[in-house]
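Here the structure is laid out as structure tokens; the discussion comes afterwards.
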Amino acid sequence: MDINLFFEVKVDMKILAFSDIHQNKDVAKTIMESSSHADVIVGAGDFATCGQGASDTIDILKYSSVPVIIVAGNHDSAAELKALCADWPLVHFLHGDAVEIKGVIFFGLGGEIPPRNNAHWNEDISEEKARLILSSSQEYDVLVTHTPPVGHVDVEEDGIHDGSEAILHAIEARQPKLNLCGHMHFSWGQSSQVGKTTIHNLGPSLNWFEI
């Protein structure tokens, strides 16, 4: 008798994520020391400070032996990050697009949403443009943004919520498993939940997730 048995095996993906390292080489080195235990590394923006020095940490992160996903922060130049990543085979610089790694789809959108800082170096996107970008994508498992969704892990030191309505709308509509973000320093390390989506404001530390 010919018997075929099929078993569905769940394979967990280990994600090591961070944000807002702002030229901190020691943090970048610590990330690299732990990178071999991850399947994917996610950097949710702000490698530079006021538009300067992104290469200080990017040049260290390039030694990763696993795929790396990054989005630009408001302190970063998206064009500069893209250029720095040009000779980096394992990196995926996402800015309104997606990549699939081991069956997990990541979608990324960087910058400050909406614009709140009028400094010449500030990288920002309007809510309207962000909404169009986010609505044009197909389904994804992990949403990587620099800005948090409004009302979730987005509190500033003065108590004001400075997150994005467009990102919140996308989360409510798409229900990804994770939204990994940063930007609001006062909310680093905090988590929230919208439906099936866990939202986490990362900060410059080692944050581990399994999906």
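If you're wondering about the labels, chains in the structure tokens are A, B, ... by order shown, residues count from 1 in each chain, ligands from 1 in order shown.
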Distance query range 108-117 of chain A at most 7 Å, only C-alpha atoms, self and fewer than 5 positions along chain excluded, as a PDB file with N, CA and C atoms, in the first residue's frame:
```pdb
ATOM      1  N   GLY A  45      15.138  53.041  10.973  1.00  0.00           N
ATOM      2  CA  GLY A  45      15.447  54.437  10.697  1.00  0.00           C
ATOM      3  C   GLY A  45      16.269  55.168  11.740  1.00  0.00           C
ATOM      4  N   VAL A  71      14.722  51.064   6.773  1.00  0.00           N
ATOM      5  CA  VAL A  71      13.983  52.201   6.237  1.00  0.00           C
ATOM      6  C   VAL A  71      14.687  53.459   6.728  1.00  0.00           C
ATOM      7  N   ALA A  72      14.452  54.554   6.045  1.00  0.00           N
ATOM      8  CA  ALA A  72      15.064  55.822   6.433  1.00  0.00           C
ATOM      9  C   ALA A  72      14.279  56.461   7.573  1.00  0.00           C
ATOM     10  N   GLY A  73      14.989  57.093   8.494  1.00  0.00           N
ATOM     11  CA  GLY A  73      14.346  57.902   9.517  1.00  0.00           C
ATOM     12  C   GLY A  73      14.280  59.348   9.072  1.00  0.00           C
ATOM     13  N   ASN A  74      13.707  60.191   9.897  1.00  0.00           N
ATOM     14  CA  ASN A  74      13.655  61.605   9.521  1.00  0.00           C
ATOM     15  C   ASN A  74      15.017  62.279   9.591  1.00  0.00           C
ATOM     16  N   LEU A  94      13.931  49.585   2.003  1.00  0.00           N
ATOM     17  CA  LEU A  94      12.526  49.662   1.622  1.00  0.00           C
ATOM     18  C   LEU A  94      11.993  51.079   1.822  1.00  0.00           C
ATOM     19  N   HIS A  95      11.383  51.591   0.780  1.00  0.00           N
ATOM     20  CA  HIS A  95      10.755  52.913   0.873  1.00  0.00           C
ATOM     21  C   HIS A  95       9.524  52.901  -0.029  1.00  0.00           C
ATOM     22  N   GLY A  96       8.448  52.331   0.511  1.00  0.00           N
ATOM     23  CA  GLY A  96       7.236  52.200  -0.268  1.00  0.00           C
ATOM     24  C   GLY A  96       7.197  50.938  -1.103  1.00  0.00           C
ATOM     25  N   ASP A  97       7.971  49.935  -0.693  1.00  0.00           N
ATOM     26  CA  ASP A  97       7.965  48.656  -1.406  1.00  0.00           C
ATOM     27  C   ASP A  97       8.160  47.509  -0.422  1.00  0.00           C
ATOM     28  N   ALA A  98       8.143  46.288  -0.967  1.00  0.00           N
ATOM     29  CA  ALA A  98       8.147  45.099  -0.114  1.00  0.00           C
ATOM     30  C   ALA A  98       9.201  44.107  -0.571  1.00  0.00           C
ATOM     31  N   ASN A 122      15.374  67.409   7.601  1.00  0.00           N
ATOM     32  CA  ASN A 122      14.305  66.488   8.008  1.00  0.00           C
ATOM     33  C   ASN A 122      13.654  65.806   6.810  1.00  0.00           C
ATOM     34  N   GLU A 123      13.626  64.460   6.837  1.00  0.00           N
ATOM     35  CA  GLU A 123      12.974  63.682   5.779  1.00  0.00           C
ATOM     36  C   GLU A 123      11.541  63.398   6.217  1.00  0.00           C
ATOM     37  N   ASP A 124      10.583  63.838   5.416  1.00  0.00           N
ATOM     38  CA  ASP A 124       9.195  63.665   5.823  1.00  0.00           C
ATOM     39  C   ASP A 124       8.298  63.335   4.636  1.00  0.00           C
ATOM     40  N   ILE A 125       7.097  62.865   4.961  1.00  0.00           N
ATOM     41  CA  ILE A 125       6.089  62.505   3.964  1.00  0.00           C
ATOM     42  C   ILE A 125       4.742  62.980   4.493  1.00  0.00           C
ATOM     43  N   SER A 126       3.918  63.520   3.628  1.00  0.00           N
ATOM     44  CA  SER A 126       2.588  63.950   4.052  1.00  0.00           C
ATOM     45  C   SER A 126       1.711  62.734   4.335  1.00  0.00           C
ATOM     46  N   GLU A 127       0.672  62.947   5.127  1.00  0.00           N
ATOM     47  CA  GLU A 127      -0.275  61.874   5.411  1.00  0.00           C
ATOM     48  C   GLU A 127      -0.931  61.383   4.117  1.00  0.00           C
ATOM     49  N   LEU A 143       5.123  45.262   8.911  1.00  0.00           N
ATOM     50  CA  LEU A 143       5.182  46.643   8.436  1.00  0.00           C
ATOM     51  C   LEU A 143       6.284  47.357   9.205  1.00  0.00           C
ATOM     52  N   VAL A 144       7.292  47.841   8.478  1.00  0.00           N
ATOM     53  CA  VAL A 144       8.412  48.559   9.098  1.00  0.00           C
ATOM     54  C   VAL A 144       8.265  50.036   8.756  1.00  0.00           C
ATOM     55  N   THR A 145       8.077  50.860   9.763  1.00  0.00           N
ATOM     56  CA  THR A 145       7.956  52.301   9.560  1.00  0.00           C
ATOM     57  C   THR A 145       8.846  53.010  10.569  1.00  0.00           C
ATOM     58  N   HIS A 146       9.291  54.199  10.211  1.00  0.00           N
ATOM     59  CA  HIS A 146      10.020  54.975  11.215  1.00  0.00           C
ATOM     60  C   HIS A 146       9.033  55.586  12.206  1.00  0.00           C
ATOM     61  N   THR A 147       7.946  56.114  11.681  1.00  0.00           N
ATOM     62  CA  THR A 147       6.921  56.748  12.515  1.00  0.00           C
ATOM     63  C   THR A 147       5.925  55.721  13.031  1.00  0.00           C
ATOM     64  N   SER A 164       1.202  58.719  13.077  1.00  0.00           N
ATOM     65  CA  SER A 164       0.629  58.911  11.741  1.00  0.00           C
ATOM     66  C   SER A 164      -0.749  58.272  11.614  1.00  0.00           C
TER      67      SER A 164
END
```
Legend entry - Sel. of strand (DSSP E or B) residues, range 7-183 of chain A, as a PyMOL selection string: chain A and resi 14-18+40-43+49+52+68-70+91-93+97-101+104-109+112+124+142-145+149+155+161+164+178-181
Inset, instruction - Within 9 Å of Ile69 in chain A, counting only C-alpha atoms, which residues show up once you throw out same-chain ones fewer than 6 positions away? Write them as JSON, numbers by chain, please. - result: {"A": [40, 41, 42, 43, 44, 90, 91, 92, 93, 94, 99, 106, 108, 144]}
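If only C-alpha atoms are the atoms counted, then among A:Tyr140, A:Phe47, A:Trp208, A:Trp188 the closest residue to Lys14 in chain A is A:Trp208.
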Inset, instruction - Check chain A with DSSP on the backbone and list each residue it calls alpha helix (DSSP H), as number ranges by chain. - result: A: 25-34, 55-61, 78-84, 127-135, 165-174
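Between Ile15 in chain A and the candidates A:Gly163, A:Pro67, A:Ile58, A:Phe209, the tightest atom-to-atom separation, counting only C-alpha atoms, involves A:Phe209.
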